[in-house]
file final.tsv (TSV, C-alpha atoms)
chain	number	residue	atom	x	y	z
A	1384	MET	CA	15.52	24.83	9.41
A	1385	ALA	CA	12.05	24.65	7.94
A	1386	ALA	CA	10.99	22.17	5.31
A	1387	GLU	CA	10.16	23.77	2.01
A	1388	GLY	CA	6.79	22.06	2.15
A	1389	GLN	CA	4.86	20.95	-0.84
A	1390	GLN	CA	5.10	24.07	-2.95
A	1391	HIS	CA	4.48	22.16	-6.13
A	1392	PRO	CA	1.53	23.18	-8.29
A	1393	LEU	CA	-1.64	21.20	-7.62
A	1394	LYS	CA	-1.81	20.15	-11.27
A	1395	ILE	CA	0.72	17.34	-10.87
A	1396	TYR	CA	-1.29	15.81	-8.03
A	1397	TYR	CA	-4.50	15.86	-10.08
A	1398	MET	CA	-2.72	14.28	-13.05
A	1399	VAL	CA	-1.23	11.48	-10.95
A	1400	TRP	CA	-4.61	11.00	-9.29
A	1401	ILE	CA	-6.28	10.46	-12.67
A	1402	LEU	CA	-3.45	8.18	-13.83
A	1403	LEU	CA	-3.93	6.01	-10.74
A	1404	PHE	CA	-7.60	5.52	-11.65
A	1405	VAL	CA	-6.67	4.71	-15.26
A	1406	VAL	CA	-4.00	2.15	-14.31
A	1407	SER	CA	-6.37	0.58	-11.74
A	1408	PHE	CA	-8.93	0.22	-14.50
A	1409	PHE	CA	-6.31	-1.55	-16.67
A	1410	SER	CA	-5.43	-3.85	-13.76
A	1411	TYR	CA	-9.09	-4.76	-13.37
A	1412	MET	CA	-9.34	-5.37	-17.15
A	1413	VAL	CA	-6.54	-7.96	-16.89
A	1414	ASP	CA	-9.00	-10.09	-14.95
A	1415	ILE	CA	-12.14	-9.25	-16.96
A	1416	LEU	CA	-10.43	-9.91	-20.30
A	1417	GLN	CA	-9.18	-13.22	-18.88
A	1418	PHE	CA	-5.51	-13.00	-19.66
A	1419	HIS	CA	-3.65	-16.06	-18.40
A	1420	GLY	CA	-0.14	-17.29	-17.72
A	1421	MET	CA	2.92	-15.12	-18.31
A	1422	THR	CA	0.97	-12.29	-19.98
A	1423	ARG	CA	-1.35	-12.03	-16.99
A	1424	TRP	CA	1.40	-12.02	-14.39
A	1425	THR	CA	3.59	-9.57	-16.31
A	1426	LEU	CA	0.69	-7.12	-16.76
A	1427	ILE	CA	-0.33	-7.44	-13.10
A	1428	ILE	CA	3.22	-6.69	-11.93
A	1429	VAL	CA	3.83	-3.86	-14.39
A	1430	PHE	CA	0.59	-2.04	-13.47
A	1431	MET	CA	1.28	-2.62	-9.76
A	1432	LEU	CA	4.77	-1.13	-10.03
A	1433	VAL	CA	3.51	1.87	-12.04
A	1434	LYS	CA	0.91	2.66	-9.39
A	1435	ALA	CA	3.36	2.10	-6.54
A	1436	GLY	CA	5.91	4.31	-8.27
A	1437	PHE	CA	3.48	7.20	-8.69
A	1438	ILE	CA	2.26	6.97	-5.11
A	1439	ILE	CA	5.77	6.90	-3.63
A	1440	ALA	CA	7.35	9.47	-5.95
A	1441	ILE	CA	4.60	12.08	-6.15
A	1442	PHE	CA	2.03	11.61	-3.37
A	1443	MET	CA	4.70	10.69	-0.82
A	1444	HIS	CA	7.00	13.38	-2.23
A	1445	MET	CA	10.02	11.07	-2.66
A	1446	LYS	CA	10.88	12.51	-6.08
A	1447	TRP	CA	11.90	15.79	-4.44
A	1448	GLU	CA	13.79	14.40	-1.47
A	1449	ARG	CA	17.56	14.34	-1.12
A	1450	LEU	CA	19.46	11.44	-2.74
A	1451	ALA	CA	20.85	10.21	0.59
A	1452	PHE	CA	17.30	10.00	1.98
A	1453	LYS	CA	15.94	8.24	-1.12
A	1454	ILE	CA	18.60	5.54	-0.87
A	1455	ALA	CA	18.24	5.14	2.91
A	1456	ILE	CA	14.52	4.39	2.53
A	1457	LEU	CA	14.21	2.75	-0.91
A	1458	GLY	CA	17.45	0.74	-0.71
A	1459	PRO	CA	16.67	-1.78	2.06
A	1460	PRO	CA	13.42	-3.13	0.51
A	1461	VAL	CA	15.55	-4.42	-2.39
A	1462	ALA	CA	16.61	-7.17	0.02
A	1463	ILE	CA	13.01	-8.40	-0.16
A	1464	LEU	CA	13.64	-9.45	-3.75
A	1465	VAL	CA	16.26	-11.85	-2.42
A	1466	LEU	CA	13.72	-13.26	0.06
A	1467	ILE	CA	11.17	-13.71	-2.74
A	1468	SER	CA	13.68	-15.62	-4.92
A	1469	LEU	CA	14.77	-17.91	-2.09
A	1470	MET	CA	11.23	-18.63	-0.90
A	1471	SER	CA	9.86	-19.34	-4.37
A	1472	LEU	CA	12.70	-21.81	-5.00
A	1473	GLU	CA	11.98	-23.50	-1.68
A	1474	GLY	CA	8.24	-23.52	-2.35
A	1475	GLY	CA	8.74	-25.24	-5.67
A	1476	TYR	CA	10.90	-27.88	-3.98
A	1477	VAL	CA	8.31	-28.49	-1.23
A	1478	GLU	CA	5.54	-28.88	-3.80
A	1479	ASN	CA	7.60	-31.43	-5.73
A	1480	SER	CA	8.38	-33.39	-2.56
A	1481	ARG	CA	4.71	-33.48	-1.67
A	1482	ILE	CA	3.70	-34.76	-5.07
A	1483	GLN	CA	6.42	-37.42	-5.02
A	1484	ASN	CA	5.66	-38.64	-1.51
A	1485	TYR	CA	1.89	-38.18	-1.26
A	1486	GLY	CA	0.77	-38.14	-4.86
A	1487	GLU	CA	-1.25	-35.51	-6.70
A	1488	SER	CA	-4.06	-33.69	-4.92
A	1489	THR	CA	-7.51	-35.32	-4.85
A	1490	PHE	CA	-9.26	-32.20	-3.59
A	1491	GLU	CA	-12.75	-31.65	-5.00
A	1492	ALA	CA	-13.37	-27.91	-5.08
A	1493	GLU	CA	-16.85	-26.46	-4.76
A	1494	THR	CA	-17.79	-23.61	-7.06
A	1495	PRO	CA	-18.09	-20.39	-5.04
A	1496	GLY	CA	-21.62	-19.06	-4.85
A	1497	HIS	CA	-23.19	-22.50	-4.50
A	1498	HIS	CA	-23.65	-24.43	-1.26
B	1299	MET	CA	36.70	21.51	5.67
B	1300	SER	CA	34.30	24.40	5.13
B	1301	GLU	CA	31.58	24.94	7.75
B	1302	ALA	CA	28.92	25.11	5.04
B	1303	VAL	CA	29.41	21.41	4.29
B	1304	LEU	CA	28.56	20.56	7.87
B	1305	ASP	CA	25.43	22.70	7.95
B	1306	SER	CA	22.36	20.47	7.67
B	1307	GLY	CA	20.43	23.25	5.97
B	1308	ALA	CA	22.86	23.44	3.08
B	1309	ALA	CA	21.52	23.07	-0.42
B	1310	GLU	CA	22.11	19.61	-1.78
B	1311	ALA	CA	25.15	19.21	-4.03
B	1312	PRO	CA	24.34	17.20	-7.14
B	1313	GLY	CA	24.78	13.42	-7.35
B	1314	THR	CA	27.07	11.41	-5.09
B	1315	LYS	CA	28.75	14.57	-3.76
B	1316	GLY	CA	25.48	15.50	-2.05
B	1317	LEU	CA	25.05	11.91	-0.86
B	1318	VAL	CA	28.51	11.89	0.77
B	1319	GLU	CA	28.05	15.37	2.26
B	1320	ASP	CA	24.72	14.42	3.84
B	1321	TRP	CA	26.23	11.40	5.56
B	1322	ALA	CA	29.42	13.30	6.48
B	1323	ARG	CA	27.68	15.88	8.69
B	1324	ASP	CA	28.42	15.73	12.40
B	1325	LYS	CA	25.10	16.84	13.90
B	1326	GLN	CA	22.23	15.87	11.64
B	1327	VAL	CA	22.23	13.73	8.55
B	1328	PHE	CA	19.63	14.64	5.95
B	1329	GLY	CA	18.24	17.94	7.11
B	1330	VAL	CA	14.72	16.51	6.89
B	1331	PRO	CA	12.38	17.37	9.81
B	1332	TRP	CA	12.72	14.59	12.38
B	1333	GLY	CA	8.99	13.75	12.32
B	1334	LYS	CA	9.09	13.09	8.61
B	1335	ALA	CA	12.26	10.99	8.81
B	1336	MET	CA	10.83	8.92	11.65
B	1337	MET	CA	7.53	8.31	9.86
B	1338	TRP	CA	9.45	7.10	6.79
B	1339	ILE	CA	11.57	4.81	8.95
B	1340	PHE	CA	8.42	3.42	10.57
B	1341	LEU	CA	6.90	2.85	7.12
B	1342	LEU	CA	10.09	1.07	6.08
B	1343	SER	CA	9.71	-1.33	9.01
B	1344	ASP	CA	6.03	-1.81	8.16
B	1345	THR	CA	7.05	-2.62	4.57
B	1346	PHE	CA	9.14	-5.50	5.89
B	1347	ILE	CA	6.29	-6.77	8.04
B	1348	PHE	CA	3.79	-6.78	5.18
B	1349	SER	CA	6.43	-8.32	2.92
B	1350	CYS	CA	6.86	-11.19	5.38
B	1351	PHE	CA	3.12	-11.87	5.22
B	1352	ILE	CA	2.90	-11.61	1.45
B	1353	VAL	CA	6.02	-13.74	0.85
B	1354	GLY	CA	4.62	-16.25	3.36
B	1355	TYR	CA	1.41	-16.37	1.34
B	1356	MET	CA	3.46	-16.87	-1.82
B	1357	SER	CA	5.34	-19.74	-0.14
B	1358	VAL	CA	2.25	-21.65	0.96
B	1359	ARG	CA	0.50	-21.09	-2.33
B	1360	ILE	CA	3.45	-22.39	-4.37
B	1361	ALA	CA	3.94	-25.36	-2.04
B	1362	SER	CA	0.29	-26.36	-1.94
B	1363	THR	CA	-0.64	-29.29	-4.16
B	1364	ASP	CA	-4.36	-28.50	-3.85
B	1365	PRO	CA	-5.71	-26.00	-6.39
B	1366	TRP	CA	-5.89	-22.41	-5.12
B	1367	PRO	CA	-9.39	-20.84	-5.05
B	1368	VAL	CA	-10.03	-18.58	-8.03
B	1369	PRO	CA	-10.29	-15.03	-6.64
B	1370	SER	CA	-12.53	-13.66	-9.39
B	1371	GLU	CA	-15.09	-16.34	-8.49
B	1372	VAL	CA	-14.68	-16.25	-4.71
B	1373	PHE	CA	-14.93	-12.46	-4.60
B	1374	ALA	CA	-17.72	-12.07	-7.14
B	1375	LEU	CA	-20.98	-10.46	-6.14
B	1376	THR	CA	-24.33	-11.06	-7.77
B	1377	MET	CA	-25.79	-7.71	-8.77
B	1378	PHE	CA	-28.78	-7.11	-11.07
B	1379	GLY	CA	-28.91	-10.83	-11.76
B	1380	HIS	CA	-25.31	-11.07	-12.99
B	1381	SER	CA	-22.28	-12.38	-11.18
B	1382	ILE	CA	-19.72	-9.59	-11.43
B	1383	PRO	CA	-16.16	-10.63	-10.54
B	1384	LEU	CA	-14.16	-8.55	-8.07
B	1385	VAL	CA	-16.68	-5.72	-8.12
B	1386	LEU	CA	-16.40	-4.98	-4.41
B	1387	ILE	CA	-12.61	-4.99	-4.67
B	1388	ALA	CA	-12.76	-2.55	-7.60
B	1389	ILE	CA	-14.95	-0.22	-5.54
B	1390	MET	CA	-12.61	-0.52	-2.56
B	1391	THR	CA	-9.62	0.31	-4.77
B	1392	PHE	CA	-11.50	3.31	-6.17
B	1393	ILE	CA	-12.25	4.51	-2.64
B	1394	LEU	CA	-8.67	4.25	-1.45
B	1395	ILE	CA	-7.30	6.06	-4.50
B	1396	THR	CA	-9.88	8.83	-3.99
B	1397	SER	CA	-8.83	9.07	-0.34
B	1398	SER	CA	-5.17	9.37	-1.36
B	1399	GLY	CA	-6.15	12.26	-3.59
B	1400	THR	CA	-8.06	14.08	-0.85
B	1401	MET	CA	-5.10	13.50	1.46
B	1402	ALA	CA	-2.61	14.96	-1.03
B	1403	LEU	CA	-4.86	18.02	-1.36
B	1404	ALA	CA	-5.10	18.28	2.43
B	1405	VAL	CA	-1.29	18.36	2.72
B	1406	ASN	CA	-1.14	21.12	0.14
B	1407	MET	CA	-3.83	23.12	1.94
B	1408	GLY	CA	-1.99	22.59	5.22
B	1409	TYR	CA	1.15	24.21	3.87
B	1410	ARG	CA	-0.99	27.08	2.53
B	1411	LYS	CA	-2.26	27.42	6.13
B	1412	ASP	CA	-5.87	27.03	5.01
B	1413	ARG	CA	-7.05	25.28	8.17
B	1414	LYS	CA	-10.68	24.93	7.15
B	1415	LYS	CA	-9.94	23.17	3.83
B	1416	THR	CA	-7.27	21.01	5.46
B	1417	PHE	CA	-9.78	19.91	8.11
B	1418	TRP	CA	-12.52	18.99	5.64
B	1419	LEU	CA	-10.16	17.20	3.28
B	1420	MET	CA	-8.72	15.16	6.14
B	1421	VAL	CA	-12.21	14.31	7.39
B	1422	ALA	CA	-13.18	13.25	3.84
B	1423	THR	CA	-10.10	11.02	3.73
B	1424	ALA	CA	-11.03	9.46	7.09
B	1425	VAL	CA	-14.64	8.85	6.02
B	1426	LEU	CA	-13.47	7.15	2.82
B	1427	GLY	CA	-11.10	5.02	4.89
B	1428	ALA	CA	-13.88	4.04	7.28
B	1429	SER	CA	-16.09	3.00	4.36
B	1430	PHE	CA	-13.22	0.89	3.02
B	1431	VAL	CA	-12.97	-0.98	6.34
B	1432	SER	CA	-16.75	-1.54	6.39
B	1433	MET	CA	-16.59	-3.09	2.94
B	1434	GLN	CA	-13.72	-5.29	4.00
B	1435	ALA	CA	-15.75	-6.37	7.04
B	1436	PHE	CA	-18.65	-7.21	4.74
B	1437	GLU	CA	-16.27	-9.23	2.56
B	1438	TRP	CA	-15.11	-11.14	5.64
B	1439	SER	CA	-18.64	-11.90	6.81
B	1440	LYS	CA	-19.60	-13.13	3.34
B	1441	LEU	CA	-16.62	-15.47	3.10
B	1442	ILE	CA	-17.09	-16.73	6.65
B	1443	SER	CA	-20.74	-17.50	5.93
B	1444	GLU	CA	-19.62	-19.48	2.88
B	1445	GLY	CA	-17.37	-21.65	5.04
B	1446	VAL	CA	-13.96	-20.04	4.63
B	1447	ARG	CA	-11.90	-20.65	7.76
B	1448	PRO	CA	-8.20	-20.15	8.53
B	1449	TRP	CA	-7.78	-23.94	8.48
B	1450	ALA	CA	-9.97	-24.96	5.52
B	1451	ASN	CA	-12.44	-23.78	2.91
B	1452	PRO	CA	-14.68	-25.45	0.31
B	1453	PHE	CA	-13.09	-23.70	-2.68
B	1454	GLY	CA	-9.50	-24.90	-2.74
B	1455	ALA	CA	-6.25	-25.09	-0.79
B	1456	ALA	CA	-6.70	-24.90	2.96
B	1457	GLN	CA	-4.14	-22.10	3.35
B	1458	PHE	CA	-6.31	-19.62	1.42
B	1459	GLY	CA	-8.33	-18.61	4.47
B	1460	SER	CA	-5.43	-17.95	6.80
B	1461	SER	CA	-3.55	-15.98	4.12
B	1462	PHE	CA	-6.62	-13.91	3.31
B	1463	PHE	CA	-7.65	-13.12	6.87
B	1464	MET	CA	-4.11	-12.41	8.04
B	1465	ILE	CA	-3.14	-10.09	5.19
B	1466	THR	CA	-6.43	-8.21	4.80
B	1467	GLY	CA	-6.88	-8.17	8.58
B	1468	PHE	CA	-3.50	-6.52	9.14
B	1469	HIS	CA	-4.19	-4.06	6.36
B	1470	GLY	CA	-7.68	-3.27	7.68
B	1471	LEU	CA	-6.17	-2.69	11.12
B	1472	HIS	CA	-3.74	-0.21	9.59
B	1473	VAL	CA	-6.57	1.58	7.78
B	1474	SER	CA	-8.60	1.79	11.01
B	1475	ALA	CA	-5.64	3.17	12.96
B	1476	GLY	CA	-5.12	5.66	10.14
B	1477	VAL	CA	-8.73	6.83	10.32
B	1478	ILE	CA	-8.34	7.58	14.04
B	1479	TYR	CA	-4.95	9.25	13.50
B	1480	LEU	CA	-6.34	11.44	10.71
B	1481	LEU	CA	-9.34	12.53	12.76
B	1482	VAL	CA	-7.14	13.46	15.75
B	1483	ILE	CA	-4.84	15.57	13.58
B	1484	ALA	CA	-7.77	17.07	11.62
B	1485	PHE	CA	-9.47	18.32	14.78
B	1486	ARG	CA	-6.19	19.66	16.11
B	1487	VAL	CA	-5.70	21.62	12.90
B	1488	LYS	CA	-9.25	22.96	13.11
B	1489	ASN	CA	-8.91	24.04	16.73
B	1490	GLY	CA	-5.69	25.96	16.17
B	1491	PHE	CA	-3.51	23.53	18.12
B	1492	TYR	CA	-0.66	23.94	15.61
B	1493	GLU	CA	-0.97	27.72	15.43
B	1494	LYS	CA	0.07	27.83	19.08
B	1495	ARG	CA	3.12	25.75	18.21
B	1496	GLY	CA	4.55	28.10	15.64
B	1497	GLY	CA	2.13	27.56	12.76
B	1498	LYS	CA	3.94	24.55	11.31
B	1499	TYR	CA	1.87	22.06	9.36
B	1500	GLU	CA	4.40	19.32	8.58
B	1501	ILE	CA	2.21	17.05	10.72
B	1502	VAL	CA	-0.36	16.98	7.93
B	1503	GLU	CA	2.30	15.80	5.51
B	1504	ILE	CA	3.50	13.20	8.02
B	1505	ALA	CA	-0.06	11.87	8.49
B	1506	GLY	CA	-0.33	11.89	4.71
B	1507	LEU	CA	2.75	9.68	4.41
B	1508	TYR	CA	1.08	7.08	6.63
B	1509	TRP	CA	-2.13	7.25	4.63
B	1510	HIS	CA	-0.39	6.88	1.27
B	1511	PHE	CA	1.47	3.88	2.67
B	1512	VAL	CA	-1.88	2.24	3.50
B	1513	ASP	CA	-2.97	2.81	-0.12
B	1514	LEU	CA	0.38	1.48	-1.33
B	1515	VAL	CA	-0.01	-1.77	0.61
B	1516	TRP	CA	-3.47	-2.17	-0.92
B	1517	VAL	CA	-1.95	-1.83	-4.42
B	1518	PHE	CA	0.24	-4.85	-3.63
B	1519	ILE	CA	-2.53	-6.85	-1.94
B	1520	PHE	CA	-4.86	-6.17	-4.87
B	1521	ALA	CA	-2.23	-7.36	-7.35
B	1522	PHE	CA	-0.92	-10.42	-5.49
B	1523	PHE	CA	-4.02	-11.68	-3.76
B	1524	TYR	CA	-7.05	-10.71	-5.80
B	1525	LEU	CA	-5.67	-10.67	-9.32
B	1526	TRP	CA	-2.92	-13.26	-9.39
call {"tool": "encode", "arguments": {"input": "final.tsv", "output": "structure tokens"}}
result
Amino acid sequence: MAAEGQQHPLKIYYMVWILLFVVSFFSYMVDILQFHGMTRWTLIIVFMLVKAGFIIAIFMHMKWERLAFKIAILGPPVAILVLISLMSLEGGYVENSRIQNYGESTFEAETPGHH
Amino acid sequence: MSEAVLDSGAAEAPGTKGLVEDWARDKQVFGVPWGKAMMWIFLLSDTFIFSCFIVGYMSVRIASTDPWPVPSEVFALTMFGHSIPLVLIAIMTFILITSSGTMALAVNMGYRKDRKKTFWLMVATAVLGASFVSMQAFEWSKLISEGVRPWANPFGAAQFGSSFFMITGFHGLHVSAGVIYLLVIAFRVKNGFYEKRGGKYEIVEIAGLYWHFVDLVWVFIFAFFYLW
């Protein structure tokens, strides 16, 4: 049984290619335009997920694969979200313990680019 | 039970019916070429490995009481008298996206059996990948010369160095392996190796999956390490 191969018109690949450049430019702008806090993090994550989605769905052909295959591959990484939640909770707790037991940091940072 | 349901080449029934039928077959589950399925399963395992590193980085960064170095300052380069933040990273991102494009075209050419175009597009992809690794190596040498070590650095929390070198090092290793892999397959395509094996060019798509994965990991590293 032969795979049907990528018989999709080239146009969709060129369009996604251009979109990836555009979204990368927006990601870079998030830093240049100095967004901070929640806005910054939300924009970073949204642009990251858009790019990841395009790469997986179109370049890696997942959009056209069978449902059973999609779930078998894309399902398990959802467990990583659980890991992220648990570890960020733990991290916050460790930071608090450190501040309570050792006090705030007294680190004097150098500015990069100077010696 | 009709035989057609158990035939792995059967057209997919819509929705959950197709899902159940695929898993209900007795010889072969999805009807995807085994090479493609195995590459995806490998990439799935690699996803978990990179996730462990990135979540580990998240953990130490959250837990650190020392301020974290500011990436746009640490990774700035002075060009034409101005300090431009993240410029090398932007160029590296541009290069990887370009290489993903050439790879996607190579896969398409492979299925059209245009061996010459497939070869050149795969070589272009490999060259772009090699230039990415060189830039990453330059980045490393610059940071090391400025005193960044896995155990300490002058710019902020001590864990910055080990997170940076571990994550970008693992990624760079994957890119380097990919460059070699691509060149091996490219030359095999050019020399007619796959013509002798029935003229099937799925291998180009399979190599492409690996290469797109490498680009995908960079999308996450770029977001979580350099921008955050």
call {"tool": "atom_distance", "arguments": {"input": "final.tsv", "atom1": "atom CA of A:Ile1401", "atom2": "atom CA of B:Lys1414"}}
result
24.9 Å
call {"tool": "axis_aligned_box", "arguments": {"input": "final.tsv", "around": "stretch 1496-1502 of chain B", "padding_each_side": "4 Å", "output": "JSON"}}
result
{"center_x": 2.1, "center_y": 22.5, "center_z": 11.8, "size_x": 12.9, "size_y": 19.1, "size_z": 15.7}
call {"tool": "closest_atom_pairs", "arguments": {"input": "final.tsv", "of": "stretch 1413-1473 of chain B", "to": "stretch 1472-1493 of chain A", "cutoff": "8 Å", "atoms": "all atoms listed in the file", "output": "tab-separated table"}}
result
residue	atom	partner	partner_atom	distance
B:Pro1452	CA	A:Glu1493	CA	5.6
B:Phe1453	CA	A:Ala1492	CA	4.9
B:Gly1454	CA	A:Ala1492	CA	5.4
call {"tool": "residues_around", "arguments": {"input": "final.tsv", "residues": "B:Leu1480", "least_positions_apart": "3", "cutoff": "10 Å", "atoms": "all atoms listed in the file", "output": "JSON list (two decimals) with C-alpha atoms, in the frame of the given file"}}
result
[["chain", "number", "residue", "atom", "x", "y", "z"],
["B", 1401, "MET", "CA", -5.10, 13.50, 1.46],
["B", 1417, "PHE", "CA", -9.78, 19.91, 8.11],
["B", 1420, "MET", "CA", -8.72, 15.16, 6.14],
["B", 1421, "VAL", "CA", -12.21, 14.31, 7.39],
["B", 1422, "ALA", "CA", -13.18, 13.25, 3.84],
["B", 1423, "THR", "CA", -10.10, 11.02, 3.73],
["B", 1424, "ALA", "CA", -11.03, 9.46, 7.09],
["B", 1425, "VAL", "CA", -14.64, 8.85, 6.02],
["B", 1427, "GLY", "CA", -11.10, 5.02, 4.89],
["B", 1474, "SER", "CA", -8.60, 1.79, 11.01],
["B", 1475, "ALA", "CA", -5.64, 3.17, 12.96],
["B", 1476, "GLY", "CA", -5.12, 5.66, 10.14],
["B", 1477, "VAL", "CA", -8.73, 6.83, 10.32],
["B", 1483, "ILE", "CA", -4.84, 15.57, 13.58],
["B", 1484, "ALA", "CA", -7.77, 17.07, 11.62],
["B", 1485, "PHE", "CA", -9.47, 18.32, 14.78],
["B", 1486, "ARG", "CA", -6.19, 19.66, 16.11],
["B", 1502, "VAL", "CA", -0.36, 16.98, 7.93],
["B", 1505, "ALA", "CA", -0.06, 11.87, 8.49],
["B", 1506, "GLY", "CA", -0.33, 11.89, 4.71],
["B", 1508, "TYR", "CA", 1.08, 7.08, 6.63],
["B", 1509, "TRP", "CA", -2.13, 7.25, 4.63]]
call {"tool": "interface_residues", "arguments": {"input": "final.tsv", "of": "chain B", "to": "chain A", "cutoff": "6 Å", "atoms": "all atoms listed in the file", "output": "MDAnalysis selection string"}}
result
chainID B and resid 1317 1357 1360:1361 1363:1364 1372 1452:1454 1507
call {"tool": "residues_around", "arguments": {"input": "final.tsv", "residues": "B:Leu1394", "least_positions_apart": "4", "cutoff": "7 Å", "atoms": "all atoms listed in the file", "output": "ChimeraX atom specification"}}
result
/B:1390,1398,1427,1513
call {"tool": "residues_around", "arguments": {"input": "final.tsv", "residues": "B:Ala1455", "least_positions_apart": "3", "cutoff": "7 Å", "atoms": "all atoms listed in the file", "output": "ChimeraX atom specification"}}
result
/B:1362,1364-1367,1458
call {"tool": "residues_around", "arguments": {"input": "final.tsv", "residues": "B:Gly1467", "least_positions_apart": "3", "cutoff": "10 Å", "atoms": "all atoms listed in the file", "output": "VMD selection string"}}
result
chain B and resid 1431 1434 to 1435 1438 1461 to 1464 1470 to 1473
call {"tool": "write_last_selection", "arguments": {"input": "final.tsv", "atoms": "C-alpha atoms", "output": "compact mmCIF listing (two decimals), keeping the file's coordinate frame"}}
result
# COMPACT_ATOMS: atom_id res chain seq x y z
CA VAL B 1431 -12.97 -0.98 6.34
CA GLN B 1434 -13.72 -5.29 4.00
CA ALA B 1435 -15.75 -6.37 7.04
CA TRP B 1438 -15.11 -11.14 5.64
CA SER B 1461 -3.55 -15.98 4.12
CA PHE B 1462 -6.62 -13.91 3.31
CA PHE B 1463 -7.65 -13.12 6.87
CA MET B 1464 -4.11 -12.41 8.04
CA GLY B 1470 -7.68 -3.27 7.68
CA LEU B 1471 -6.17 -2.69 11.12
CA HIS B 1472 -3.74 -0.21 9.59
CA VAL B 1473 -6.57 1.58 7.78
call {"tool": "atom_distance", "arguments": {"input": "final.tsv", "atom1": "atom CA of B:Glu1500", "atom2": "atom CA of A:Gly1458"}}
result
24.5 Å
call {"tool": "atom_distance", "arguments": {"input": "final.tsv", "atom1": "atom CA of B:Ser1443", "atom2": "atom CA of B:Phe1430"}}
result
20.1 Å
call {"tool": "closest_residue", "arguments": {"input": "final.tsv", "among": "B:Val1385, B:Val1330, B:Ile1501, B:Leu1375", "to": "B:Val1405", "atoms": "all atoms listed in the file"}}
result
B:Ile1501
